[in-house]
file upload_31.cif (mmCIF, C-alpha atoms and all ligand atoms)
data_coords
loop_
_atom_site.label_atom_id
_atom_site.label_comp_id
_atom_site.auth_asym_id
_atom_site.auth_seq_id
_atom_site.Cartn_x
_atom_site.Cartn_y
_atom_site.Cartn_z
CA MET A 7 -34.61 -3.67 11.69
CA THR A 8 -35.78 -3.87 8.12
CA LYS A 9 -37.33 -0.76 6.62
CA SER A 10 -40.84 -2.18 7.10
CA GLY A 11 -40.00 -2.57 10.78
CA ASP A 12 -40.77 -6.29 10.72
CA PRO A 13 -37.73 -8.52 10.11
CA THR A 14 -39.97 -11.52 9.40
CA ARG A 15 -41.30 -9.77 6.25
CA CYS A 16 -38.54 -8.57 3.97
CA ASP A 17 -37.26 -8.49 0.42
CA VAL A 18 -34.32 -10.81 1.02
CA VAL A 19 -33.30 -13.35 3.65
CA VAL A 20 -29.57 -14.04 3.69
CA ILE A 21 -28.64 -17.41 5.23
CA GLY A 22 -25.25 -17.31 6.95
CA GLY A 23 -23.32 -14.50 8.63
CA GLY A 24 -19.87 -15.17 7.28
CA LEU A 25 -18.29 -12.50 5.11
CA GLN A 26 -20.13 -13.53 1.95
CA GLY A 27 -23.45 -13.18 3.77
CA LEU A 28 -22.52 -9.96 5.54
CA SER A 29 -21.16 -8.42 2.35
CA SER A 30 -24.33 -9.49 0.52
CA ALA A 31 -26.51 -7.95 3.26
CA TYR A 32 -24.44 -4.74 3.10
CA HIS A 33 -24.69 -4.39 -0.69
CA LEU A 34 -28.37 -5.42 -0.84
CA ALA A 35 -29.29 -2.91 1.89
CA LYS A 36 -27.28 -0.30 0.01
CA ARG A 37 -29.45 -0.99 -3.03
CA GLY A 38 -32.49 -0.16 -0.87
CA LEU A 39 -33.80 -3.67 -0.20
CA SER A 40 -35.07 -4.80 3.19
CA VAL A 41 -32.76 -7.58 4.36
CA THR A 42 -32.80 -10.08 7.21
CA LEU A 43 -29.62 -12.08 7.75
CA LEU A 44 -29.97 -15.27 9.80
CA GLU A 45 -26.81 -16.70 11.33
CA ALA A 46 -26.81 -20.10 13.06
CA GLU A 47 -24.17 -19.18 15.66
CA TYR A 48 -22.53 -15.76 15.63
CA CYS A 49 -21.24 -13.76 12.70
CA GLY A 50 -17.70 -14.75 11.76
CA ARG A 51 -17.81 -17.95 13.89
CA HIS A 52 -16.54 -20.07 10.99
CA ALA A 53 -14.11 -19.52 8.09
CA SER A 54 -14.67 -15.77 7.85
CA GLY A 55 -13.56 -15.08 11.39
CA VAL A 56 -10.67 -17.52 11.70
CA ASN A 57 -8.89 -17.33 8.35
CA ALA A 58 -5.36 -16.11 7.62
CA GLY A 59 -6.49 -12.71 6.38
CA GLY A 60 -4.61 -13.03 3.10
CA VAL A 61 -5.68 -10.35 0.60
CA ARG A 62 -4.28 -12.10 -2.44
CA SER A 63 -4.97 -11.54 -6.11
CA LEU A 64 -1.74 -13.44 -6.80
CA GLY A 65 -2.05 -16.96 -8.19
CA ARG A 66 -5.82 -16.84 -8.71
CA HIS A 67 -7.69 -19.07 -11.14
CA VAL A 68 -8.02 -16.96 -14.30
CA ALA A 69 -11.83 -16.91 -14.03
CA GLU A 70 -11.57 -15.36 -10.56
CA ILE A 71 -9.15 -12.57 -11.45
CA PRO A 72 -11.74 -9.92 -12.42
CA ILE A 73 -13.59 -10.47 -9.11
CA SER A 74 -10.34 -10.44 -7.17
CA LEU A 75 -9.23 -7.17 -8.82
CA MET A 76 -12.65 -5.63 -8.18
CA ALA A 77 -12.28 -6.59 -4.52
CA LEU A 78 -8.77 -5.17 -4.36
CA ASP A 79 -9.30 -1.90 -6.20
CA ASP A 80 -12.86 -0.98 -5.24
CA TYR A 81 -12.80 -2.25 -1.66
CA TRP A 82 -9.59 -3.36 0.11
CA HIS A 83 -7.66 -0.22 -0.82
CA ARG A 84 -10.66 1.95 0.13
CA MET A 85 -12.10 0.19 3.20
CA PRO A 86 -12.49 3.30 5.40
CA ASP A 87 -14.70 4.84 2.67
CA VAL A 88 -16.67 1.61 2.29
CA VAL A 89 -17.29 0.42 5.85
CA GLY A 90 -15.78 3.21 7.95
CA HIS A 91 -12.87 1.05 9.13
CA ASP A 92 -9.62 -0.11 7.53
CA CYS A 93 -10.30 -3.74 8.56
CA GLY A 94 -6.62 -3.98 9.46
CA PHE A 95 -5.69 -3.96 5.77
CA VAL A 96 -1.97 -3.58 5.12
CA GLY A 97 -0.88 -3.33 1.49
CA SER A 98 2.31 -5.26 2.12
CA GLY A 99 2.34 -7.04 -1.24
CA GLN A 100 2.34 -10.80 -1.74
CA LEU A 101 5.27 -12.78 -3.06
CA GLN A 102 5.24 -16.34 -4.37
CA LEU A 103 8.72 -17.82 -4.16
CA ALA A 104 10.40 -19.93 -6.85
CA GLU A 105 12.92 -22.26 -5.23
CA ASN A 106 14.50 -23.63 -8.44
CA GLU A 107 14.80 -22.90 -12.17
CA ALA A 108 11.84 -25.11 -13.08
CA GLU A 109 9.63 -23.00 -10.80
CA MET A 110 11.03 -19.81 -12.35
CA GLN A 111 9.91 -21.18 -15.71
CA VAL A 112 6.42 -21.82 -14.30
CA ALA A 113 6.38 -18.24 -13.00
CA ALA A 114 7.39 -16.82 -16.38
CA GLU A 115 4.71 -18.84 -18.20
CA ARG A 116 2.01 -17.84 -15.71
CA VAL A 117 2.76 -14.11 -15.99
CA ALA A 118 3.03 -14.30 -19.80
CA LEU A 119 -0.41 -15.94 -19.90
CA LEU A 120 -1.90 -13.25 -17.64
CA ASN A 121 -0.32 -10.46 -19.71
CA SER A 122 -1.76 -12.00 -22.89
CA LEU A 123 -5.21 -11.84 -21.24
CA GLY A 124 -4.70 -8.17 -20.31
CA PHE A 125 -3.88 -8.69 -16.59
CA HIS A 126 -0.78 -6.97 -15.24
CA HIS A 127 -1.10 -7.33 -11.46
CA GLU A 128 1.55 -10.08 -11.21
CA GLU A 129 5.19 -9.64 -12.23
CA VAL A 130 8.16 -12.00 -12.35
CA ILE A 131 11.04 -10.87 -10.19
CA ASP A 132 14.58 -12.22 -9.91
CA ALA A 133 16.56 -13.39 -6.89
CA ALA A 134 18.08 -9.95 -6.28
CA TYR A 135 14.64 -8.32 -6.12
CA VAL A 136 13.38 -11.05 -3.78
CA ARG A 137 16.32 -10.37 -1.47
CA LYS A 138 15.60 -6.65 -1.59
CA LEU A 139 12.03 -7.36 -0.46
CA VAL A 140 12.99 -10.07 2.06
CA PRO A 141 16.66 -9.72 3.01
CA SER A 142 16.67 -12.73 5.37
CA ILE A 143 15.36 -15.23 2.80
CA SER A 144 17.36 -18.44 2.31
CA PRO A 145 20.03 -18.09 -0.45
CA HIS A 146 18.56 -21.00 -2.46
CA VAL A 147 15.53 -18.92 -3.60
CA HIS A 148 15.70 -18.11 -7.35
CA GLY A 149 13.04 -15.43 -7.68
CA GLY A 150 9.27 -15.37 -7.72
CA ILE A 151 6.02 -13.68 -8.67
CA TRP A 152 5.25 -10.34 -7.00
CA ALA A 153 1.81 -8.73 -6.60
CA LYS A 154 2.57 -5.39 -5.04
CA ARG A 155 -1.00 -4.24 -4.35
CA ASP A 156 -1.89 -7.37 -2.36
CA GLY A 157 -1.54 -7.63 1.41
CA TYR A 158 -3.42 -8.87 4.43
CA ALA A 159 -6.21 -7.76 6.75
CA LEU A 160 -7.73 -8.80 10.07
CA PRO A 161 -10.62 -11.21 9.55
CA PHE A 162 -12.63 -10.49 12.66
CA GLN A 163 -12.33 -6.73 12.25
CA THR A 164 -13.57 -7.17 8.69
CA VAL A 165 -16.54 -9.23 9.89
CA VAL A 166 -17.45 -6.63 12.51
CA ALA A 167 -17.06 -3.74 10.06
CA PHE A 168 -19.37 -5.34 7.47
CA LYS A 169 -21.84 -6.38 10.17
CA HIS A 170 -22.05 -2.83 11.56
CA SER A 171 -22.25 -1.23 8.13
CA ALA A 172 -24.99 -3.59 6.97
CA SER A 173 -26.94 -2.88 10.18
CA GLN A 174 -26.50 0.86 9.75
CA LEU A 175 -27.95 0.55 6.25
CA GLY A 176 -31.04 -1.11 7.74
CA ALA A 177 -30.27 -4.83 7.47
CA HIS A 178 -31.58 -6.91 10.39
CA ILE A 179 -28.87 -9.29 11.56
CA GLN A 180 -30.07 -12.09 13.78
CA GLU A 181 -27.59 -14.50 15.38
CA GLN A 182 -28.27 -17.85 17.12
CA SER A 183 -30.88 -18.54 14.43
CA PRO A 184 -30.12 -21.66 12.40
CA VAL A 185 -32.27 -21.96 9.30
CA LEU A 186 -33.84 -25.41 9.18
CA LYS A 187 -35.59 -25.35 5.82
CA VAL A 188 -36.82 -23.12 3.04
CA GLU A 189 -40.18 -23.49 1.26
CA SER A 190 -41.75 -21.68 -1.66
CA HIS A 191 -45.23 -20.21 -1.19
CA GLY A 192 -46.42 -18.81 -4.50
CA ALA A 193 -44.00 -16.06 -5.49
CA ASP A 194 -42.64 -15.86 -1.93
CA TRP A 195 -40.22 -17.91 0.12
CA VAL A 196 -40.71 -18.96 3.71
CA VAL A 197 -37.53 -19.50 5.69
CA HIS A 198 -37.96 -21.55 8.85
CA THR A 199 -35.91 -21.47 12.03
CA ALA A 200 -36.95 -23.54 15.06
CA THR A 201 -39.11 -20.72 16.41
CA GLN A 202 -39.80 -18.27 13.56
CA GLU A 203 -40.88 -18.03 9.94
CA PHE A 204 -39.50 -15.35 7.64
CA ARG A 205 -41.36 -14.50 4.45
CA CYS A 206 -39.34 -12.93 1.64
CA GLY A 207 -39.11 -12.57 -2.11
CA HIS A 208 -35.54 -13.80 -2.43
CA ILE A 209 -33.11 -16.03 -0.52
CA VAL A 210 -29.33 -15.62 -0.64
CA ASN A 211 -27.58 -18.85 0.34
CA THR A 212 -24.22 -18.00 1.90
CA ALA A 213 -24.12 -20.75 4.51
CA GLY A 214 -20.47 -21.62 3.82
CA ALA A 215 -19.70 -25.29 4.38
CA TRP A 216 -23.41 -25.87 5.02
CA ALA A 217 -24.69 -24.12 1.89
CA ASN A 218 -24.68 -27.26 -0.20
CA GLY A 219 -27.37 -28.64 2.13
CA PHE A 220 -29.71 -25.85 0.98
CA ALA A 221 -28.76 -26.52 -2.65
CA ARG A 222 -29.70 -30.16 -1.96
CA GLN A 223 -33.12 -29.04 -0.61
CA LEU A 224 -33.65 -27.25 -3.93
CA GLY A 225 -32.64 -30.26 -6.00
CA GLU A 226 -29.30 -28.90 -7.16
CA GLU A 227 -26.72 -30.48 -4.86
CA THR A 228 -23.13 -29.85 -5.93
CA PRO A 229 -20.00 -31.96 -5.35
CA ALA A 230 -18.80 -29.52 -2.66
CA GLU A 231 -16.63 -31.13 0.03
CA THR A 232 -16.25 -29.93 3.60
CA ASN A 233 -12.75 -29.86 5.05
CA GLY A 234 -10.89 -28.31 7.92
CA LEU A 235 -8.10 -25.84 7.22
CA MET A 236 -5.39 -25.16 9.78
CA LEU A 237 -3.25 -22.23 10.83
CA MET A 238 -0.62 -21.65 13.48
CA VAL A 239 0.89 -18.53 15.03
CA THR A 240 4.35 -18.11 16.53
CA GLN A 241 5.61 -16.13 19.46
CA ARG A 242 6.76 -12.59 18.68
CA VAL A 243 10.03 -12.27 16.76
CA ALA A 244 11.96 -9.25 15.53
CA PRO A 245 10.61 -7.92 12.19
CA PHE A 246 12.11 -9.91 9.29
CA VAL A 247 9.48 -10.04 6.53
CA ARG A 248 7.03 -7.45 5.23
CA PRO A 249 5.28 -9.09 2.26
CA THR A 250 3.01 -12.09 2.67
CA LEU A 251 4.85 -15.10 1.28
CA GLY A 252 3.72 -18.17 -0.61
CA ALA A 253 5.70 -20.73 -2.59
CA LEU A 254 5.21 -22.04 -6.11
CA GLY A 255 6.38 -25.55 -5.33
CA ARG A 256 4.85 -26.33 -1.95
CA PRO A 257 1.90 -25.25 0.16
CA LEU A 258 2.76 -22.16 2.13
CA SER A 259 1.18 -18.93 3.28
CA PHE A 260 3.15 -16.93 5.72
CA LYS A 261 3.00 -13.42 7.11
CA GLN A 262 4.45 -11.40 9.96
CA PHE A 263 2.18 -8.94 11.71
CA ASP A 264 3.33 -5.61 13.10
CA ASN A 265 3.30 -7.10 16.63
CA GLY A 266 5.98 -9.61 15.54
CA THR A 267 3.87 -12.78 15.48
CA VAL A 268 4.02 -14.92 12.34
CA VAL A 269 0.93 -16.68 10.99
CA ILE A 270 1.71 -19.82 9.00
CA GLY A 271 -0.74 -21.72 6.82
CA GLY A 272 -1.29 -22.57 3.18
CA SER A 273 -3.75 -25.33 2.30
CA LEU A 274 -3.05 -27.26 5.50
CA MET A 275 -6.06 -29.58 5.54
CA CYS A 276 -7.56 -31.58 8.36
CA GLU A 277 -10.82 -33.40 8.93
CA ALA A 278 -13.98 -31.44 9.57
CA ASP A 279 -17.17 -32.60 11.23
CA GLU A 280 -20.08 -30.93 9.46
CA VAL A 281 -22.61 -31.99 12.08
CA ALA A 282 -20.54 -30.97 15.10
CA ARG A 283 -19.58 -27.84 13.10
CA CYS A 284 -15.86 -27.97 13.89
CA ALA A 285 -12.46 -29.19 12.70
CA ASP A 286 -9.51 -30.53 14.68
CA ALA A 287 -5.95 -29.42 13.94
CA ASN A 288 -3.54 -32.21 12.96
CA ALA A 289 -0.07 -31.84 14.50
CA ALA A 290 1.79 -33.94 11.89
CA ALA A 291 0.60 -31.77 8.99
CA LEU A 292 1.46 -28.63 10.93
CA TYR A 293 4.97 -29.92 11.56
CA LYS A 294 5.51 -30.27 7.79
CA SER A 295 4.49 -26.68 7.21
CA ALA A 296 6.69 -25.40 10.01
CA GLN A 297 9.54 -27.26 8.28
CA THR A 298 8.89 -25.32 5.04
CA VAL A 299 9.17 -22.09 6.96
CA THR A 300 12.50 -22.99 8.59
CA ASP A 301 13.84 -24.11 5.16
CA LEU A 302 13.17 -20.58 3.91
CA PHE A 303 14.13 -18.77 7.13
CA PRO A 304 16.64 -20.91 9.05
CA HIS A 305 16.81 -18.32 11.84
CA LEU A 306 13.26 -19.28 12.88
CA THR A 307 14.19 -22.86 13.82
CA HIS A 308 13.85 -22.28 17.56
CA VAL A 309 10.82 -20.00 17.50
CA ALA A 310 7.87 -21.43 19.44
CA ILE A 311 4.39 -21.96 18.03
CA ASN A 312 1.94 -20.29 20.41
CA ARG A 313 -1.38 -21.52 19.06
CA VAL A 314 -2.89 -23.67 16.34
CA TRP A 315 -6.48 -23.69 15.11
CA ALA A 316 -8.68 -24.94 12.32
CA GLY A 317 -11.69 -23.57 10.46
CA VAL A 318 -14.34 -25.30 8.37
CA GLU A 319 -14.52 -24.52 4.66
CA ALA A 320 -16.40 -25.75 1.57
CA PHE A 321 -14.19 -26.85 -1.33
CA MET A 322 -15.34 -27.28 -4.92
CA PRO A 323 -13.70 -29.84 -7.25
CA ASP A 324 -12.47 -27.04 -9.54
CA SER A 325 -11.47 -24.79 -6.59
CA ILE A 326 -13.67 -21.89 -7.65
CA PRO A 327 -16.93 -20.98 -5.93
CA VAL A 328 -20.55 -21.14 -6.95
CA ILE A 329 -21.86 -17.57 -7.47
CA SER A 330 -25.08 -18.23 -9.22
CA PRO A 331 -28.84 -17.96 -9.40
CA SER A 332 -30.51 -21.25 -8.59
CA SER A 333 -30.97 -23.44 -11.64
CA THR A 334 -34.12 -25.08 -10.28
CA VAL A 335 -36.18 -22.30 -8.69
CA GLN A 336 -36.80 -18.56 -8.98
CA GLY A 337 -35.71 -16.21 -6.21
CA VAL A 338 -32.64 -17.97 -4.81
CA THR A 339 -29.00 -16.93 -5.29
CA HIS A 340 -26.08 -19.06 -4.10
CA ALA A 341 -22.56 -17.94 -3.14
CA PHE A 342 -20.53 -20.73 -1.55
CA GLY A 343 -17.62 -23.12 -2.05
CA PHE A 344 -14.86 -20.54 -1.72
CA SER A 345 -12.22 -23.28 -1.45
CA ALA A 346 -9.91 -21.54 1.03
CA HIS A 347 -9.61 -18.19 -0.74
CA GLY A 348 -12.90 -16.36 -0.26
CA PHE A 349 -11.80 -13.77 2.29
CA GLN A 350 -10.14 -11.55 -0.31
CA LEU A 351 -13.10 -11.86 -2.68
CA SER A 352 -15.79 -11.15 -0.10
CA PRO A 353 -16.31 -7.37 -0.50
CA ALA A 354 -16.92 -7.89 -4.22
CA ILE A 355 -19.01 -11.06 -3.82
CA GLY A 356 -21.72 -9.15 -1.96
CA ARG A 357 -21.85 -6.60 -4.75
CA LEU A 358 -22.17 -9.29 -7.42
CA VAL A 359 -24.87 -11.07 -5.40
CA SER A 360 -26.77 -7.78 -5.02
CA GLU A 361 -26.55 -7.27 -8.80
CA LEU A 362 -27.90 -10.78 -9.44
CA VAL A 363 -30.78 -10.17 -7.02
CA CYS A 364 -31.64 -6.60 -8.07
CA ASP A 365 -30.76 -6.56 -11.77
CA GLY A 366 -30.98 -10.22 -12.73
CA ARG A 367 -27.42 -10.05 -14.06
CA ALA A 368 -23.98 -9.17 -12.72
CA SER A 369 -21.50 -6.58 -13.94
CA LEU A 370 -18.82 -9.28 -14.31
CA ASP A 371 -19.06 -12.49 -16.31
CA LEU A 372 -20.04 -15.18 -13.80
CA ARG A 373 -20.58 -18.09 -16.20
CA ALA A 374 -17.58 -19.98 -14.80
CA PHE A 375 -19.24 -19.93 -11.36
CA SER A 376 -22.61 -21.34 -12.40
CA ILE A 377 -24.14 -24.00 -10.18
CA THR A 378 -24.98 -25.94 -13.33
CA ARG A 379 -21.34 -26.47 -14.34
CA PHE A 380 -21.14 -29.82 -12.56
CA GLN A 381 -24.32 -31.09 -14.18
CA GLU A 382 -23.08 -30.02 -17.62
CA SER A 383 -19.75 -31.86 -17.31
CA GLY A 384 -21.38 -34.82 -15.60
CA ASP A 385 -18.21 -34.97 -13.50
CA HIS A 386 -18.88 -35.03 -9.77
CA SER A 387 -15.47 -36.32 -8.77
CA SER A 388 -12.90 -34.24 -6.90
C1 LIG A 401 -7.96 -21.49 8.29
C2 LIG A 401 -8.42 -20.73 7.07
C3 LIG A 401 -7.56 -19.84 6.45
C4 LIG A 401 -7.99 -19.12 5.33
N1 LIG A 401 -7.18 -18.17 4.81
C5 LIG A 401 -7.64 -17.36 3.80
C6 LIG A 401 -6.85 -16.30 3.31
O1 LIG A 401 -5.76 -16.05 3.81
N2 LIG A 401 -7.34 -15.55 2.29
C7 LIG A 401 -8.56 -15.81 1.74
O2 LIG A 401 -8.93 -15.10 0.78
N3 LIG A 401 -9.35 -16.78 2.21
C8 LIG A 401 -8.92 -17.57 3.24
N4 LIG A 401 -9.72 -18.56 3.73
C9 LIG A 401 -11.03 -18.80 3.12
C10 LIG A 401 -12.09 -17.84 3.63
O3 LIG A 401 -12.02 -17.71 5.03
C11 LIG A 401 -13.47 -18.38 3.22
O4 LIG A 401 -13.47 -18.68 1.84
C12 LIG A 401 -14.57 -17.38 3.48
O5 LIG A 401 -14.47 -16.87 4.79
C13 LIG A 401 -15.91 -18.05 3.28
O6 LIG A 401 -16.90 -17.17 3.72
P1 LIG A 401 -18.40 -17.67 3.81
O7 LIG A 401 -19.19 -16.53 4.26
O8 LIG A 401 -18.76 -18.37 2.55
O9 LIG A 401 -18.37 -18.86 4.90
P2 LIG A 401 -18.35 -18.85 6.49
O10 LIG A 401 -17.44 -17.83 7.03
O11 LIG A 401 -18.13 -20.27 6.91
O12 LIG A 401 -19.81 -18.40 6.87
C14 LIG A 401 -20.93 -19.23 6.70
C15 LIG A 401 -21.85 -18.96 7.87
O13 LIG A 401 -23.09 -19.62 7.65
C16 LIG A 401 -23.58 -20.02 8.91
N5 LIG A 401 -24.56 -21.08 8.72
C17 LIG A 401 -24.35 -22.35 8.35
N6 LIG A 401 -25.51 -23.02 8.31
C18 LIG A 401 -26.48 -22.15 8.66
C19 LIG A 401 -27.89 -22.26 8.82
N7 LIG A 401 -28.52 -23.42 8.62
N8 LIG A 401 -28.58 -21.17 9.21
C20 LIG A 401 -27.94 -19.98 9.41
N9 LIG A 401 -26.61 -19.82 9.28
C21 LIG A 401 -25.89 -20.90 8.91
C22 LIG A 401 -22.34 -20.50 9.64
O14 LIG A 401 -22.53 -20.55 11.04
C23 LIG A 401 -21.31 -19.48 9.20
O15 LIG A 401 -21.17 -18.42 10.12
C24 LIG A 401 -9.30 -19.33 4.81
C25 LIG A 401 -10.17 -20.23 5.44
C26 LIG A 401 -9.73 -20.93 6.57
C27 LIG A 401 -10.69 -21.88 7.24
#
call {"tool": "encode", "arguments": {"input": "upload_31.cif", "output": "structure tokens"}}
result
Amino acid sequence: MTKSGDPTRCDVVVIGGGLQGLSSAYHLAKRGLSVTLLEAEYCGRHASGVNAGGVRSLGRHVAEIPISLMALDDYWHRMPDVVGHDCGFVGSGQLQLAENEAEMQVAAERVALLNSLGFHHEEVIDAAYVRKLVPSISPHVHGGIWAKRDGYALPFQTVVAFKHSASQLGAHIQEQSPVLKVESHGADWVVHTATQEFRCGHIVNTAGAWANGFARQLGEETPAETNGLMLMVTQRVAPFVRPTLGALGRPLSFKQFDNGTVVIGGSLMCEADEVARCADANAAALYKSAQTVTDLFPHLTHVAINRVWAGVEAFMPDSIPVISPSSTVQGVTHAFGFSAHGFQLSPAIGRLVSELVCDGRASLDLRAFSITRFQESGDHSS
């Protein structure tokens, strides 16, 4: 319940109960605002509940690094203090493999660039160090980039932890409540579901793959694209890899959990149906990714895949999200378009959203994430 006791009258309505919405509700409630979060289905039903759980600062777009490091240092390594639960976070490190000399060169240039900008969370390591970290790796690997404070967490536990913490702070979280439209009434906003109207001073649009529809209602549609993203999980195998692995030269994200199962993904796209709100896994694309894994770990050739699934995600043409006040109206803040890497950022995104709402400005420079950047360039292509 909101502090006024009436969830239909509040300071902020958050649209969407994925992690960006739940984190926003948590941080806004922590700042003392009355918050109602409206979720169309159930919290974590889409990308936030079904993702690979990669907690990766490694390989980020330079503009995203400060947010990613805020998420890592202030939240992921301190989750029990933040939400009373570790969210399954394991600081296993993340390693991006270089499979030839040309990729080693790319690694060296990337880390030199980051160092020149004052970032030291990624380091180049040689083949011997890679083998020390992952003794069973194929002998053809030349080295890689190592981010030792990265790791992985459990998406659904993270969703539940943020949902409970936001509720405990007074946020009203209402599921099975799709928002149909938003309307301004003087200085207020009215948010309509099929059966209720919510009056508030501010709207936070964190509707994931459906958020661009609300931007469209406000006259600031972006070139966001909706796609499906696939994952697969193997049967249990004896422990053979601790860090989460990616590759510089091909799409791969790969981790072994403590129970022995291995989750394999890495930008494996499939078609999504925005209206039906689902995506179907594509076996041919999954086969290609399984092949990458057996190239790197030949001993996995006969390991069975137990399950495949796909989630729906919003992708921006420049692969970085919109985290921005509306450019057309007062009292709306957007955070969407996380382009397959928003899980790691989510604890910090809510904080930045709460700063935009409460203070009118954020503690990090968010200019690169402005919703106006597509209008300015005039480039709406992907
Ligand atoms: C398969 C997969 C693997 C991934 N792996 C990783 C990873 O390893 N690491 C990483 O950092 N990121 C990863 N991601 C990306 C990450 O999951 C997303 O970027 C992040 O979860 C986006 O969160 P969100 O809250 O914006 O969106 P969502 O989780 O999609 O939440 C949006 C919510 O809004 C609700 N909604 C929509 N319309 C309405 C409406 N009209 N009214 C009310 N509610 C509405 C939806 O039902 C949904 O619950 C992965 C994504 C996928 C799909």
call {"tool": "closest_residue", "arguments": {"input": "upload_31.cif", "among": "A:Ile73, A:Val239, A:Val140, A:Ile21", "to": "A:Leu251", "atoms": "all atoms listed in the file"}}
result
A:Val140
call {"tool": "closest_atom_pairs", "arguments": {"input": "upload_31.cif", "of": "stretch 15-117 of chain A", "to": "stretch 322-326 of chain A", "cutoff": "12 Å", "atoms": "all atoms listed in the file", "output": "CSV"}}
result
residue,atom,partner,partner_atom,distance
A:Arg66,CA,A:Ile326,CA,9.4
A:His67,CA,A:Ile326,CA,7.5
A:Val68,CA,A:Ile326,CA,10.0
A:Ala69,CA,A:Ile326,CA,8.3
A:Glu70,CA,A:Ile326,CA,7.5
A:Ile71,CA,A:Ile326,CA,11.0
A:Ile73,CA,A:Ile326,CA,11.5
A:Ser74,CA,A:Ile326,CA,11.9
call {"tool": "residues_near_ligand", "arguments": {"input": "upload_31.cif", "ligand": "ligand LIG 401 (chain A)", "cutoff": "7 Å", "atoms": "only C-alpha atoms and all ligand atoms", "output": "ChimeraX atom specification"}}
result
/A:21-27,44-62,183-186,212-217,234-237,316-319,341-351
call {"tool": "closest_residue", "arguments": {"input": "upload_31.cif", "among": "A:Val197, A:Ile209, A:Val136, A:Val96", "to": "A:Tyr158", "atoms": "all atoms listed in the file"}}
result
A:Val96
call {"tool": "closest_residue", "arguments": {"input": "upload_31.cif", "among": "A:Arg367, A:Arg256, A:Arg37, A:Arg137", "to": "A:Thr298", "atoms": "all atoms listed in the file"}}
result
A:Arg256
call {"tool": "decode", "arguments": {"input": "upload_31.cif", "residues": "stretch 189-199 of chain A", "atoms": "N, CA, C and O atoms", "output": "short mmCIF file (atom, residue, chain, number, x, y, z; two decimals), in the first residue's frame"}}
result
data_model
loop_
_atom_site.label_atom_id
_atom_site.label_comp_id
_atom_site.auth_asym_id
_atom_site.auth_seq_id
_atom_site.Cartn_x
_atom_site.Cartn_y
_atom_site.Cartn_z
N GLU A 189 -2.66 9.66 -19.63
CA GLU A 189 -3.20 10.95 -20.06
C GLU A 189 -2.78 12.01 -19.06
O GLU A 189 -2.80 11.75 -17.85
N SER A 190 -2.47 13.21 -19.55
CA SER A 190 -2.15 14.27 -18.58
C SER A 190 -3.43 15.03 -18.23
O SER A 190 -4.27 15.27 -19.10
N HIS A 191 -3.54 15.34 -16.93
CA HIS A 191 -4.67 16.15 -16.43
C HIS A 191 -4.05 17.26 -15.61
O HIS A 191 -3.69 17.05 -14.45
N GLY A 192 -3.87 18.42 -16.19
CA GLY A 192 -3.19 19.51 -15.50
C GLY A 192 -1.77 19.08 -15.16
O GLY A 192 -1.05 18.57 -16.02
N ALA A 193 -1.41 19.23 -13.89
CA ALA A 193 -0.04 18.84 -13.49
C ALA A 193 0.05 17.35 -13.19
O ALA A 193 1.13 16.82 -12.94
N ASP A 194 -1.09 16.65 -13.21
CA ASP A 194 -1.11 15.23 -12.87
C ASP A 194 -1.13 14.35 -14.12
O ASP A 194 -1.42 14.81 -15.22
N TRP A 195 -0.88 13.07 -13.87
CA TRP A 195 -1.06 12.05 -14.90
C TRP A 195 -2.14 11.08 -14.44
O TRP A 195 -2.25 10.78 -13.25
N VAL A 196 -2.91 10.61 -15.41
CA VAL A 196 -3.87 9.54 -15.12
C VAL A 196 -3.45 8.32 -15.94
O VAL A 196 -3.26 8.41 -17.16
N VAL A 197 -3.27 7.23 -15.23
CA VAL A 197 -2.81 5.98 -15.85
C VAL A 197 -4.00 5.03 -15.84
O VAL A 197 -4.57 4.74 -14.78
N HIS A 198 -4.38 4.55 -17.03
CA HIS A 198 -5.59 3.74 -17.14
C HIS A 198 -5.24 2.26 -17.32
O HIS A 198 -4.46 1.91 -18.21
N THR A 199 -5.87 1.41 -16.51
CA THR A 199 -5.94 -0.02 -16.83
C THR A 199 -7.38 -0.27 -17.29
O THR A 199 -8.18 0.67 -17.35
#
